[in-house]
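This is structure31.cif (mmCIF, C-alpha atoms).
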```cif
data_protein
loop_
_atom_site.group_PDB
_atom_site.id
_atom_site.type_symbol
_atom_site.label_atom_id
_atom_site.label_comp_id
_atom_site.auth_asym_id
_atom_site.auth_seq_id
_atom_site.Cartn_x
_atom_site.Cartn_y
_atom_site.Cartn_z
ATOM 1 C CA MET A 13 -20.345 -31.981 -26.411
ATOM 2 C CA THR A 14 -19.794 -29.280 -23.831
ATOM 3 C CA GLU A 15 -16.373 -27.767 -23.318
ATOM 4 C CA ARG A 16 -15.773 -25.650 -20.233
ATOM 5 C CA ARG A 17 -12.673 -23.449 -20.345
ATOM 6 C CA ARG A 18 -11.411 -21.276 -17.485
ATOM 7 C CA ILE A 19 -10.994 -17.646 -18.579
ATOM 8 C CA THR A 20 -9.781 -16.000 -15.406
ATOM 9 C CA GLY A 21 -10.184 -16.138 -11.659
ATOM 10 C CA THR A 22 -7.977 -16.544 -8.633
ATOM 11 C CA PRO A 23 -4.292 -16.502 -9.670
ATOM 12 C CA LYS A 24 -2.784 -19.991 -9.629
ATOM 13 C CA LEU A 25 0.007 -18.939 -7.293
ATOM 14 C CA LYS A 26 -2.581 -18.213 -4.710
ATOM 15 C CA ILE A 27 -3.541 -21.221 -2.707
ATOM 16 C CA GLU A 28 -5.141 -20.291 0.550
ATOM 17 C CA LEU A 29 -7.742 -17.719 1.476
ATOM 18 C CA PRO A 30 -8.896 -17.058 5.016
ATOM 19 C CA VAL A 31 -12.542 -16.825 6.001
ATOM 20 C CA PRO A 32 -13.515 -14.266 7.196
ATOM 21 C CA VAL A 33 -11.667 -12.187 4.607
ATOM 22 C CA GLY A 34 -9.058 -9.902 6.196
ATOM 23 C CA ALA A 35 -9.741 -6.913 3.942
ATOM 24 C CA CYS A 36 -12.309 -4.138 4.288
ATOM 25 C CA GLN A 37 -15.108 -3.875 1.753
ATOM 26 C CA GLY A 38 -13.721 -2.515 -1.522
ATOM 27 C CA CYS A 39 -10.068 -2.370 -0.361
ATOM 28 C CA GLN A 40 -7.843 -2.605 -3.433
ATOM 29 C CA HIS A 41 -4.792 -4.161 -1.779
ATOM 30 C CA GLY A 42 -6.156 -7.467 -3.069
ATOM 31 C CA SER A 43 -6.232 -6.139 -6.629
ATOM 32 C CA VAL A 44 -2.661 -4.874 -6.404
ATOM 33 C CA GLY A 45 -1.562 -8.264 -5.117
ATOM 34 C CA ARG A 46 -3.531 -9.947 -7.857
ATOM 35 C CA ILE A 47 -1.739 -7.961 -10.578
ATOM 36 C CA ILE A 48 1.659 -8.891 -9.123
ATOM 37 C CA TRP A 49 0.699 -12.581 -8.861
ATOM 38 C CA GLU A 50 -0.624 -12.658 -12.427
ATOM 39 C CA VAL A 51 2.597 -11.139 -13.762
ATOM 40 C CA LEU A 52 4.770 -13.542 -11.728
ATOM 41 C CA GLU A 53 2.660 -16.376 -13.135
ATOM 42 C CA GLU A 54 3.092 -15.123 -16.711
ATOM 43 C CA LEU A 55 6.862 -14.686 -16.295
ATOM 44 C CA GLU A 56 7.114 -18.076 -14.509
ATOM 45 C CA LEU A 57 8.920 -16.595 -11.530
ATOM 46 C CA GLY A 58 6.900 -18.280 -8.801
ATOM 47 C CA GLU A 59 9.734 -20.601 -7.760
ATOM 48 C CA ASN A 60 12.471 -18.047 -7.116
ATOM 49 C CA THR A 61 10.685 -14.955 -5.888
ATOM 50 C CA ILE A 62 10.836 -13.576 -2.355
ATOM 51 C CA TRP A 63 8.037 -11.238 -1.359
ATOM 52 C CA ILE A 64 8.920 -8.737 1.373
ATOM 53 C CA GLY A 65 5.929 -7.161 3.058
ATOM 54 C CA GLY A 66 6.345 -3.776 4.706
ATOM 55 C CA VAL A 67 4.131 -2.613 7.553
ATOM 56 C CA THR A 68 0.881 -2.054 5.672
ATOM 57 C CA CYS A 69 -2.602 -3.526 5.463
ATOM 58 C CA GLY A 70 -1.512 -5.259 2.263
ATOM 59 C CA THR A 71 1.099 -7.376 4.054
ATOM 60 C CA MET A 72 -1.616 -9.991 4.474
ATOM 61 C CA ASN A 73 -1.127 -10.592 0.737
ATOM 62 C CA ALA A 74 2.345 -11.964 1.392
ATOM 63 C CA PHE A 75 1.056 -15.031 3.193
ATOM 64 C CA LEU A 76 -1.895 -15.894 0.981
ATOM 65 C CA SER A 77 0.214 -17.248 -1.868
ATOM 66 C CA ASP A 78 2.777 -20.032 -1.932
ATOM 67 C CA LEU A 79 5.621 -17.591 -2.666
ATOM 68 C CA ASP A 80 8.447 -17.311 -0.140
ATOM 69 C CA ALA A 81 7.638 -14.312 1.994
ATOM 70 C CA VAL A 82 8.822 -12.351 5.005
ATOM 71 C CA GLY A 83 6.893 -9.665 6.773
ATOM 72 C CA PRO A 84 6.038 -7.414 8.308
ATOM 73 C CA VAL A 85 9.677 -6.351 8.348
ATOM 74 C CA PRO A 86 10.773 -3.320 10.470
ATOM 75 C CA HIS A 87 8.730 -0.290 9.514
ATOM 76 C CA GLY A 88 9.955 1.274 6.272
ATOM 77 C CA ARG A 89 13.039 -0.951 5.930
ATOM 78 C CA ALA A 90 11.786 -3.356 3.279
ATOM 79 C CA PRO A 91 14.144 -1.988 0.549
ATOM 80 C CA ASP A 92 17.134 -2.488 2.902
ATOM 81 C CA ILE A 93 16.182 -6.059 3.681
ATOM 82 C CA GLY A 94 15.522 -6.645 -0.019
ATOM 83 C CA SER A 95 18.956 -5.252 -0.904
ATOM 84 C CA ALA A 96 20.659 -7.555 1.585
ATOM 85 C CA MET A 97 18.772 -10.602 0.291
ATOM 86 C CA LYS A 98 19.538 -9.754 -3.322
ATOM 87 C CA ARG A 99 23.251 -9.352 -2.623
ATOM 88 C CA LEU A 100 23.415 -12.611 -0.678
ATOM 89 C CA LEU A 101 21.304 -14.739 -3.006
ATOM 90 C CA GLY A 102 22.438 -13.449 -6.391
ATOM 91 C CA LYS A 103 20.558 -12.363 -9.439
ATOM 92 C CA GLU A 104 18.555 -15.553 -9.967
ATOM 93 C CA THR A 105 16.420 -14.568 -6.985
ATOM 94 C CA ILE A 106 13.730 -12.006 -7.688
ATOM 95 C CA ILE A 107 13.110 -9.663 -4.773
ATOM 96 C CA ILE A 108 9.884 -7.689 -4.602
ATOM 97 C CA THR A 109 8.762 -5.481 -1.758
ATOM 98 C CA TYR A 110 5.166 -4.520 -1.144
ATOM 99 C CA GLN A 111 4.770 -1.304 0.800
ATOM 100 C CA GLY A 112 2.118 1.240 1.576
ATOM 101 C CA ASP A 113 2.551 4.981 1.292
ATOM 102 C CA GLY A 114 3.118 5.431 5.026
ATOM 103 C CA ASP A 115 5.767 2.717 4.944
ATOM 104 C CA ALA A 116 7.583 3.710 1.760
ATOM 105 C CA ILE A 117 7.486 7.504 1.756
ATOM 106 C CA ALA A 118 6.927 8.503 5.395
ATOM 107 C CA ILE A 119 9.095 6.424 7.736
ATOM 108 C CA GLY A 120 10.933 4.633 4.936
ATOM 109 C CA THR A 121 11.760 7.560 2.630
ATOM 110 C CA GLU A 122 15.456 7.332 3.314
ATOM 111 C CA SER A 123 15.532 3.566 2.724
ATOM 112 C CA LEU A 124 13.630 3.880 -0.536
ATOM 113 C CA ILE A 125 15.736 6.746 -1.875
ATOM 114 C CA GLN A 126 19.057 5.220 -0.841
ATOM 115 C CA ALA A 127 18.114 1.848 -2.372
ATOM 116 C CA ALA A 128 17.286 3.638 -5.642
ATOM 117 C CA ALA A 129 20.512 5.655 -5.502
ATOM 118 C CA ARG A 130 22.562 2.478 -4.968
ATOM 119 C CA ALA A 131 20.814 0.957 -8.017
ATOM 120 C CA GLU A 132 19.799 -2.137 -6.064
ATOM 121 C CA ARG A 133 18.273 -4.730 -8.375
ATOM 122 C CA ILE A 134 14.995 -4.952 -6.516
ATOM 123 C CA THR A 135 11.428 -3.972 -7.379
ATOM 124 C CA VAL A 136 9.376 -1.872 -4.989
ATOM 125 C CA PHE A 137 5.582 -1.762 -5.264
ATOM 126 C CA MET A 138 3.904 1.036 -3.362
ATOM 127 C CA ALA A 139 0.145 1.127 -2.829
ATOM 128 C CA ASN A 140 -0.878 4.765 -2.460
ATOM 129 C CA ASN A 141 -4.222 5.280 -0.721
ATOM 130 C CA ALA A 142 -3.596 8.872 0.441
ATOM 131 C CA ASN A 143 -3.828 8.139 4.173
ATOM 132 C CA TYR A 144 -2.539 5.839 6.921
ATOM 133 C CA GLY A 145 -5.116 3.114 6.435
ATOM 134 C CA THR A 146 -3.838 0.608 9.001
ATOM 135 C CA THR A 147 -3.980 3.018 11.936
ATOM 136 C CA GLY A 148 -7.335 4.577 11.121
ATOM 137 C CA GLY A 149 -7.042 7.197 8.410
ATOM 138 C CA GLN A 150 -4.552 9.810 9.616
ATOM 139 C CA MET A 151 -2.857 12.232 7.232
ATOM 140 C CA ALA A 152 0.003 10.712 5.241
ATOM 141 C CA PRO A 153 2.657 12.424 3.083
ATOM 142 C CA THR A 154 0.545 11.440 0.073
ATOM 143 C CA THR A 155 -2.716 12.989 1.366
ATOM 144 C CA LEU A 156 -4.091 15.381 -1.241
ATOM 145 C CA MET A 157 -4.479 19.102 -0.623
ATOM 146 C CA GLU A 158 -7.941 19.856 0.844
ATOM 147 C CA GLN A 159 -8.489 16.165 1.689
ATOM 148 C CA ARG A 160 -10.111 15.492 5.054
ATOM 149 C CA THR A 161 -8.550 12.860 7.300
ATOM 150 C CA THR A 162 -8.865 12.174 11.022
ATOM 151 C CA THR A 163 -5.878 14.458 11.749
ATOM 152 C CA THR A 164 -6.792 17.128 9.173
ATOM 153 C CA PRO A 165 -10.539 17.533 9.800
ATOM 154 C CA GLN A 166 -10.599 20.896 8.000
ATOM 155 C CA GLY A 167 -8.733 19.504 4.995
ATOM 156 C CA ARG A 168 -4.993 19.485 4.359
ATOM 157 C CA GLY A 169 -3.777 23.050 4.100
ATOM 158 C CA MET A 170 -0.584 25.073 4.178
ATOM 159 C CA VAL A 171 0.095 24.144 7.812
ATOM 160 C CA GLU A 172 0.735 20.569 6.679
ATOM 161 C CA GLY A 173 2.284 21.479 3.336
ATOM 162 C CA PHE A 174 2.245 19.719 0.011
ATOM 163 C CA PRO A 175 2.033 15.992 -0.816
ATOM 164 C CA ILE A 176 4.957 14.009 -2.242
ATOM 165 C CA ASN A 177 4.808 12.572 -5.756
ATOM 166 C CA THR A 178 6.817 9.443 -5.114
ATOM 167 C CA ALA A 179 7.103 8.035 -8.626
ATOM 168 C CA GLU A 180 8.498 11.341 -9.952
ATOM 169 C CA LEU A 181 10.840 11.614 -6.951
ATOM 170 C CA VAL A 182 12.277 8.131 -7.481
ATOM 171 C CA ALA A 183 12.564 8.813 -11.226
ATOM 172 C CA GLN A 184 15.057 11.625 -10.501
ATOM 173 C CA LEU A 185 17.661 9.273 -9.051
ATOM 174 C CA ARG A 186 20.465 7.939 -11.217
ATOM 175 C CA GLY A 187 20.151 4.346 -10.038
ATOM 176 C CA THR A 188 16.518 4.028 -11.061
ATOM 177 C CA ALA A 189 15.874 2.034 -14.214
ATOM 178 C CA TYR A 190 12.104 2.195 -14.130
ATOM 179 C CA SER A 191 9.514 4.296 -12.347
ATOM 180 C CA ALA A 192 5.798 4.402 -13.097
ATOM 181 C CA ARG A 193 2.416 5.097 -11.570
ATOM 182 C CA GLY A 194 -0.752 3.131 -12.252
ATOM 183 C CA ALA A 195 -4.295 2.843 -10.937
ATOM 184 C CA ILE A 196 -7.004 0.164 -10.919
ATOM 185 C CA THR A 197 -10.051 2.335 -11.502
ATOM 186 C CA SER A 198 -11.197 0.647 -14.711
ATOM 187 C CA PRO A 199 -10.433 -2.493 -16.732
ATOM 188 C CA ALA A 200 -8.241 -0.376 -19.063
ATOM 189 C CA ASN A 201 -6.226 0.996 -16.135
ATOM 190 C CA TYR A 202 -5.936 -2.530 -14.745
ATOM 191 C CA GLN A 203 -4.252 -3.750 -17.937
ATOM 192 C CA ARG A 204 -2.064 -0.649 -18.103
ATOM 193 C CA THR A 205 -0.890 -1.126 -14.514
ATOM 194 C CA LYS A 206 -0.206 -4.776 -15.251
ATOM 195 C CA LYS A 207 2.025 -3.699 -18.148
ATOM 196 C CA TYR A 208 3.965 -1.392 -15.800
ATOM 197 C CA VAL A 209 4.402 -4.155 -13.239
ATOM 198 C CA LYS A 210 5.638 -6.528 -15.924
ATOM 199 C CA LYS A 211 8.144 -3.976 -17.234
ATOM 200 C CA ALA A 212 9.402 -3.239 -13.717
ATOM 201 C CA LEU A 213 10.033 -6.927 -13.045
ATOM 202 C CA GLN A 214 11.708 -7.268 -16.438
ATOM 203 C CA LYS A 215 14.213 -4.533 -15.433
ATOM 204 C CA GLN A 216 15.149 -6.613 -12.419
ATOM 205 C CA ILE A 217 15.422 -9.832 -14.450
ATOM 206 C CA ASP A 218 17.676 -8.055 -16.971
ATOM 207 C CA ASP A 219 19.801 -6.736 -14.065
ATOM 208 C CA ILE A 220 19.530 -3.087 -15.121
ATOM 209 C CA GLY A 221 18.697 -1.201 -11.951
ATOM 210 C CA PHE A 222 16.153 -0.245 -9.335
ATOM 211 C CA SER A 223 12.505 -0.386 -10.386
ATOM 212 C CA PHE A 224 9.494 1.194 -8.744
ATOM 213 C CA VAL A 225 5.748 1.123 -9.383
ATOM 214 C CA GLU A 226 3.267 3.221 -7.444
ATOM 215 C CA ILE A 227 -0.353 2.074 -7.576
ATOM 216 C CA LEU A 228 -3.244 4.312 -6.550
ATOM 217 C CA SER A 229 -5.643 2.189 -4.525
ATOM 218 C CA ALA A 230 -8.975 2.826 -2.868
ATOM 219 C CA CYS A 231 -9.508 2.857 0.921
ATOM 220 C CA PRO A 232 -13.315 3.151 1.268
ATOM 221 C CA PRO A 233 -13.714 2.979 5.090
ATOM 222 C CA ASN A 234 -11.176 5.729 5.784
ATOM 223 C CA TRP A 235 -12.282 7.925 2.905
ATOM 224 C CA GLY A 236 -15.874 7.602 4.098
ATOM 225 C CA LYS A 237 -17.232 6.763 0.672
ATOM 226 C CA LYS A 238 -18.912 3.811 -0.991
ATOM 227 C CA PRO A 239 -16.421 1.593 -2.864
ATOM 228 C CA VAL A 240 -17.643 2.537 -6.343
ATOM 229 C CA ASP A 241 -17.574 6.259 -5.428
ATOM 230 C CA CYS A 242 -13.958 5.800 -4.304
ATOM 231 C CA LEU A 243 -12.934 4.740 -7.808
ATOM 232 C CA LYS A 244 -14.670 7.815 -9.220
ATOM 233 C CA TRP A 245 -12.876 9.977 -6.633
ATOM 234 C CA ILE A 246 -9.518 8.531 -7.721
ATOM 235 C CA ASP A 247 -10.393 9.292 -11.352
ATOM 236 C CA ASP A 248 -11.638 12.819 -10.663
ATOM 237 C CA GLU A 249 -9.408 14.096 -7.856
ATOM 238 C CA MET A 250 -6.392 11.911 -7.318
ATOM 239 C CA ILE A 251 -5.171 11.368 -10.880
ATOM 240 C CA SER A 252 -4.977 15.139 -11.455
ATOM 241 C CA GLN A 253 -2.426 15.396 -8.621
ATOM 242 C CA TYR A 254 -0.813 12.015 -9.240
ATOM 243 C CA PRO A 255 -0.707 11.625 -13.035
ATOM 244 C CA LEU A 256 -0.498 8.079 -14.370
ATOM 245 C CA GLY A 257 2.312 7.012 -16.642
ATOM 246 C CA GLU A 258 5.971 6.049 -16.876
ATOM 247 C CA PHE A 259 8.477 8.575 -15.562
ATOM 248 C CA ARG A 260 11.701 6.732 -16.262
ATOM 249 C CA ASP A 261 12.419 3.761 -18.503
ATOM 250 C CA LEU A 262 16.100 3.069 -19.186
ATOM 251 C CA GLU A 263 17.738 0.223 -21.094
ATOM 252 C CA SER A 264 21.048 0.821 -19.334
ATOM 253 C CA LEU A 265 22.180 3.048 -16.480
ATOM 254 C CA ASN A 266 25.345 4.206 -18.251
ATOM 255 C CA MET B 18 -23.472 -21.992 -28.691
ATOM 256 C CA THR B 19 -21.009 -20.094 -26.511
ATOM 257 C CA ALA B 20 -21.842 -18.750 -23.110
ATOM 258 C CA GLY B 21 -20.094 -17.407 -20.067
ATOM 259 C CA GLU B 22 -20.339 -18.771 -16.595
ATOM 260 C CA VAL B 23 -19.459 -16.735 -13.523
ATOM 261 C CA LEU B 24 -18.931 -18.505 -10.221
ATOM 262 C CA ILE B 25 -19.117 -16.291 -7.144
ATOM 263 C CA LYS B 26 -17.525 -17.684 -4.006
ATOM 264 C CA GLU B 27 -19.987 -16.363 -1.497
ATOM 265 C CA ASP B 28 -17.740 -16.616 1.560
ATOM 266 C CA PHE B 29 -15.245 -14.185 0.028
ATOM 267 C CA CYS B 30 -17.659 -11.682 -1.514
ATOM 268 C CA LEU B 31 -17.857 -8.431 0.456
ATOM 269 C CA GLY B 32 -20.411 -6.809 -1.840
ATOM 270 C CA CYS B 33 -18.274 -3.830 -2.896
ATOM 271 C CA GLY B 34 -19.989 -3.707 -6.303
ATOM 272 C CA TYR B 35 -16.912 -3.301 -8.537
ATOM 273 C CA CYS B 36 -17.983 -6.327 -10.620
ATOM 274 C CA ALA B 37 -21.509 -4.960 -11.150
ATOM 275 C CA GLU B 38 -20.145 -1.478 -11.961
ATOM 276 C CA PHE B 39 -17.737 -2.647 -14.666
ATOM 277 C CA CYS B 40 -19.624 -5.590 -16.213
ATOM 278 C CA PRO B 41 -20.097 -4.481 -19.853
ATOM 279 C CA THR B 42 -23.261 -6.548 -20.300
ATOM 280 C CA LYS B 43 -24.661 -5.895 -16.791
ATOM 281 C CA SER B 44 -24.888 -9.626 -16.107
ATOM 282 C CA ILE B 45 -23.896 -9.174 -12.449
ATOM 283 C CA ALA B 46 -25.700 -7.119 -9.833
ATOM 284 C CA ILE B 47 -25.522 -6.711 -6.057
ATOM 285 C CA SER B 48 -28.423 -8.569 -4.522
ATOM 286 C CA PRO B 49 -30.862 -6.413 -2.548
ATOM 287 C CA GLU B 50 -31.604 -9.146 -0.011
ATOM 288 C CA ARG B 51 -29.074 -12.005 0.103
ATOM 289 C CA PHE B 52 -26.259 -11.886 2.695
ATOM 290 C CA ASN B 53 -23.210 -14.071 3.269
ATOM 291 C CA SER B 54 -21.863 -15.400 6.571
ATOM 292 C CA GLN B 55 -20.049 -12.098 7.247
ATOM 293 C CA GLY B 56 -23.187 -10.037 6.772
ATOM 294 C CA HIS B 57 -22.347 -8.491 3.416
ATOM 295 C CA LEU B 58 -24.790 -8.197 0.537
ATOM 296 C CA LEU B 59 -23.763 -10.606 -2.202
ATOM 297 C CA ALA B 60 -23.019 -10.135 -5.880
ATOM 298 C CA GLU B 61 -25.310 -12.288 -8.013
ATOM 299 C CA PHE B 62 -24.983 -13.610 -11.557
ATOM 300 C CA ILE B 63 -28.408 -12.537 -12.759
ATOM 301 C CA HIS B 64 -28.210 -12.713 -16.562
ATOM 302 C CA PRO B 65 -26.282 -15.838 -17.655
ATOM 303 C CA GLU B 66 -27.698 -15.462 -21.186
ATOM 304 C CA THR B 67 -25.918 -12.139 -21.868
ATOM 305 C CA CYS B 68 -22.527 -12.970 -20.309
ATOM 306 C CA ASN B 69 -19.718 -13.244 -22.859
ATOM 307 C CA ALA B 70 -16.987 -14.435 -20.447
ATOM 308 C CA CYS B 71 -14.761 -11.361 -20.857
ATOM 309 C CA GLY B 72 -13.386 -11.784 -17.329
ATOM 310 C CA ILE B 73 -13.565 -8.109 -16.329
ATOM 311 C CA CYS B 74 -15.536 -8.909 -13.145
ATOM 312 C CA ALA B 75 -12.748 -11.207 -11.977
ATOM 313 C CA TRP B 76 -10.035 -8.618 -12.740
ATOM 314 C CA MET B 77 -11.817 -5.912 -10.796
ATOM 315 C CA CYS B 78 -12.769 -8.111 -7.822
ATOM 316 C CA PRO B 79 -10.337 -7.195 -5.022
ATOM 317 C CA HIS B 80 -11.324 -10.148 -2.847
ATOM 318 C CA PHE B 81 -10.702 -13.057 -5.271
ATOM 319 C CA ALA B 82 -14.346 -14.095 -5.137
ATOM 320 C CA ILE B 83 -14.988 -14.596 -8.868
ATOM 321 C CA GLU B 84 -14.051 -17.336 -11.343
ATOM 322 C CA VAL B 85 -15.043 -16.995 -14.998
ATOM 323 C CA TYR B 86 -15.530 -19.903 -17.401
ATOM 324 C CA LYS B 87 -16.407 -20.069 -21.069
ATOM 325 C CA VAL B 88 -18.770 -22.909 -21.957
ATOM 326 C CA GLN B 89 -18.845 -24.050 -25.571
ATOM 327 C CA GLY B 90 -21.293 -26.417 -27.226
ATOM 328 C CA GLY B 91 -23.952 -28.221 -25.308
#
```

Output the file's structure in the form of structure tokens.
Amino acid sequence: MTERRRITGTPKLKIELPVPVGACQGCQHGSVGRIIWEVLEELELGENTIWIGGVTCGTMNAFLSDLDAVGPVPHGRAPDIGSAMKRLLGKETIIITYQGDGDAIAIGTESLIQAAARAERITVFMANNANYGTTGGQMAPTTLMEQRTTTTPQGRGMVEGFPINTAELVAQLRGTAYSARGAITSPANYQRTKKYVKKALQKQIDDIGFSFVEILSACPPNWGKKPVDCLKWIDDEMISQYPLGEFRDLESLN
Amino acid sequence: MTAGEVLIKEDFCLGCGYCAEFCPTKSIAISPERFNSQGHLLAEFIHPETCNACGICAWMCPHFAIEVYKVQGG
């Protein structure tokens, strides 16, 4: 007798996929979304989660699943809208925001930092692809030194200044319960990032404080590389400037 | 007998090659000649006999194009 058992595949929360696919070849926004969906599925939070999509390519993720979702919300203000929803709906509702680097740390820096300082019980996921992917690959605050973009054709130098390490920055604030940075460049990193995402959501469920996970993700068309070379570039160049790991992990804020 | 089965949803595959790169048994490869409706080269399940249904291809696929099954008996 033949037994056929499903090992893995599309997360169960996900019900509808558009054809043609909205993503570029090799774009890892789908993988970041996949990790979040898998964790929500494991923690059985599908019923009472609200997904807030910032202005980013990855906002398409918000409407592919059967989670409640809003987005794109005003540029950079996803943590503010999340804070308001959390305060109105109470702690049974899980609020997650999905933002890009341009959304979270360029136009929305003040919202992100103030939400962390107020110890809002929300979880912010930031996909860091080192440029403004949606608008065509301009320099972002997270662009690496010497990296070429459409607005820094000679490479980022001292005219533009240094990049911002968001996970370390958020980890400095007293309201932050959890801050980590992951990547999806290998199966091992995938599982490690999934562990970070799970821990971050657990901080919100336990009502401890603000939680933040930054995920390095590939943007092959704007980096001008083949998808597989992009993962190697993240491993070789990006992780040395944006080290992976947990920067803050508190059981209680007091 | 235990074997893995990888289903590739061809409409969603954009041929990025992450599955072929990370498959530990090299059971998946990007086809040199087959295209889907969007004009991308497709990933193909070329060696069903070596697949052990670890699921890594589905984890790494950013476009939700892969389902992995384990088939026992038969």

Restrict the distance test to all atoms listed in the file, flag each residue of chain A within 7 Å of chain B, and return the flagged residues as JSON, numbers by chain. {"A": [13, 14, 15, 16, 17, 18, 19, 20, 21, 22, 31, 32, 33, 37, 38, 39, 40, 42, 43, 199, 239, 240]}

Got a sec to resolve the PyMOL selection byres ((chain A and resi 80) around 12) on this structure and send the residues as a PyMOL selection string? chain A and resi 25-26+57-65+73-79+81-83+105-109

Quick one: distance from atom CA of A:Pro165 to atom CA of A:Cys242 in Å, one decimal? 18.7 Å

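When you apply the PyMOL selection byres ((chain B and resi 64) around 9) to this structure, what comes back is B:Thr42, B:Lys43, B:Ser44, B:Ile45, B:Phe62, B:Ile63, B:Pro65, B:Glu66, B:Thr67, B:Cys68.
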
If you measure from atom CA of B:Ala60 to atom CA of A:Asp241, what distance in Å do you get, rounded to one decimal? 17.3 Å

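Here atom CA of B:Glu27 stands at a distance of 8.8 Å from atom CA of B:Phe52.
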
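Minimum distance to A:Cys69 across A:Gly112, A:Gly194, A:Pro233, A:Pro153 (counting all atoms listed in the file) occurs at A:Gly112.
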
Using the chain letters and numbering of this document, enumerate as a ChimeraX atom specification the residues selected by the PyMOL selection byres ((chain A and resi 156-158) around 10). /A:142-143,151-155,159-161,164-170,172-176,249-250,253-254

Do you know which residues are at most 10 Å from A:Ile251 counting only C-alpha atoms, after dropping those on the same chain fewer than 4 positions away, and could you put them as a VMD selection string? chain A and resid 193 to 195 228 245 to 247 255 to 256

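With only C-alpha atoms as the atoms that count, the minimum distance from A:Tyr144 to the choices A:Ile227, A:Ala90, A:Val67, A:Lys210 is reached by A:Val67.
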
Provide stretch 69-99 of chain A of the preceding structure as a file containing C-alpha atoms, as a PDB file, in the first residue's frame.
```pdb
ATOM      1  CA  CYS A  69       7.423  45.587  -2.672  1.00  0.00           C
ATOM      2  CA  GLY A  70       6.607  42.980  -0.032  1.00  0.00           C
ATOM      3  CA  THR A  71       3.213  44.525   0.741  1.00  0.00           C
ATOM      4  CA  MET A  72       1.790  42.206  -1.902  1.00  0.00           C
ATOM      5  CA  ASN A  73       2.357  39.469   0.697  1.00  0.00           C
ATOM      6  CA  ALA A  74      -0.320  40.987   2.909  1.00  0.00           C
ATOM      7  CA  PHE A  75      -3.121  40.146   0.510  1.00  0.00           C
ATOM      8  CA  LEU A  76      -2.045  36.675  -0.557  1.00  0.00           C
ATOM      9  CA  SER A  77      -3.023  35.008   2.709  1.00  0.00           C
ATOM     10  CA  ASP A  78      -6.350  34.871   4.508  1.00  0.00           C
ATOM     11  CA  LEU A  79      -5.019  36.943   7.427  1.00  0.00           C
ATOM     12  CA  ASP A  80      -6.662  40.293   8.150  1.00  0.00           C
ATOM     13  CA  ALA A  81      -4.488  42.892   6.498  1.00  0.00           C
ATOM     14  CA  VAL A  82      -4.239  46.600   5.790  1.00  0.00           C
ATOM     15  CA  GLY A  83      -1.805  48.228   3.447  1.00  0.00           C
ATOM     16  CA  PRO A  84      -0.061  50.008   2.052  1.00  0.00           C
ATOM     17  CA  VAL A  85      -0.478  52.357   5.000  1.00  0.00           C
ATOM     18  CA  PRO A  86       1.033  55.904   4.861  1.00  0.00           C
ATOM     19  CA  HIS A  87       4.730  55.687   4.115  1.00  0.00           C
ATOM     20  CA  GLY A  88       6.739  54.727   7.197  1.00  0.00           C
ATOM     21  CA  ARG A  89       3.801  54.919   9.628  1.00  0.00           C
ATOM     22  CA  ALA A  90       3.070  51.219  10.023  1.00  0.00           C
ATOM     23  CA  PRO A  91       4.322  51.092  13.670  1.00  0.00           C
ATOM     24  CA  ASP A  92       2.002  54.018  14.553  1.00  0.00           C
ATOM     25  CA  ILE A  93      -1.013  52.362  12.993  1.00  0.00           C
ATOM     26  CA  GLY A  94      -0.027  49.090  14.663  1.00  0.00           C
ATOM     27  CA  SER A  95       0.231  50.834  18.041  1.00  0.00           C
ATOM     28  CA  ALA A  96      -3.231  52.340  17.657  1.00  0.00           C
ATOM     29  CA  MET A  97      -4.749  48.988  16.667  1.00  0.00           C
ATOM     30  CA  LYS A  98      -3.067  47.185  19.544  1.00  0.00           C
ATOM     31  CA  ARG A  99      -4.309  49.721  22.088  1.00  0.00           C
TER      32      ARG A  99
END
```
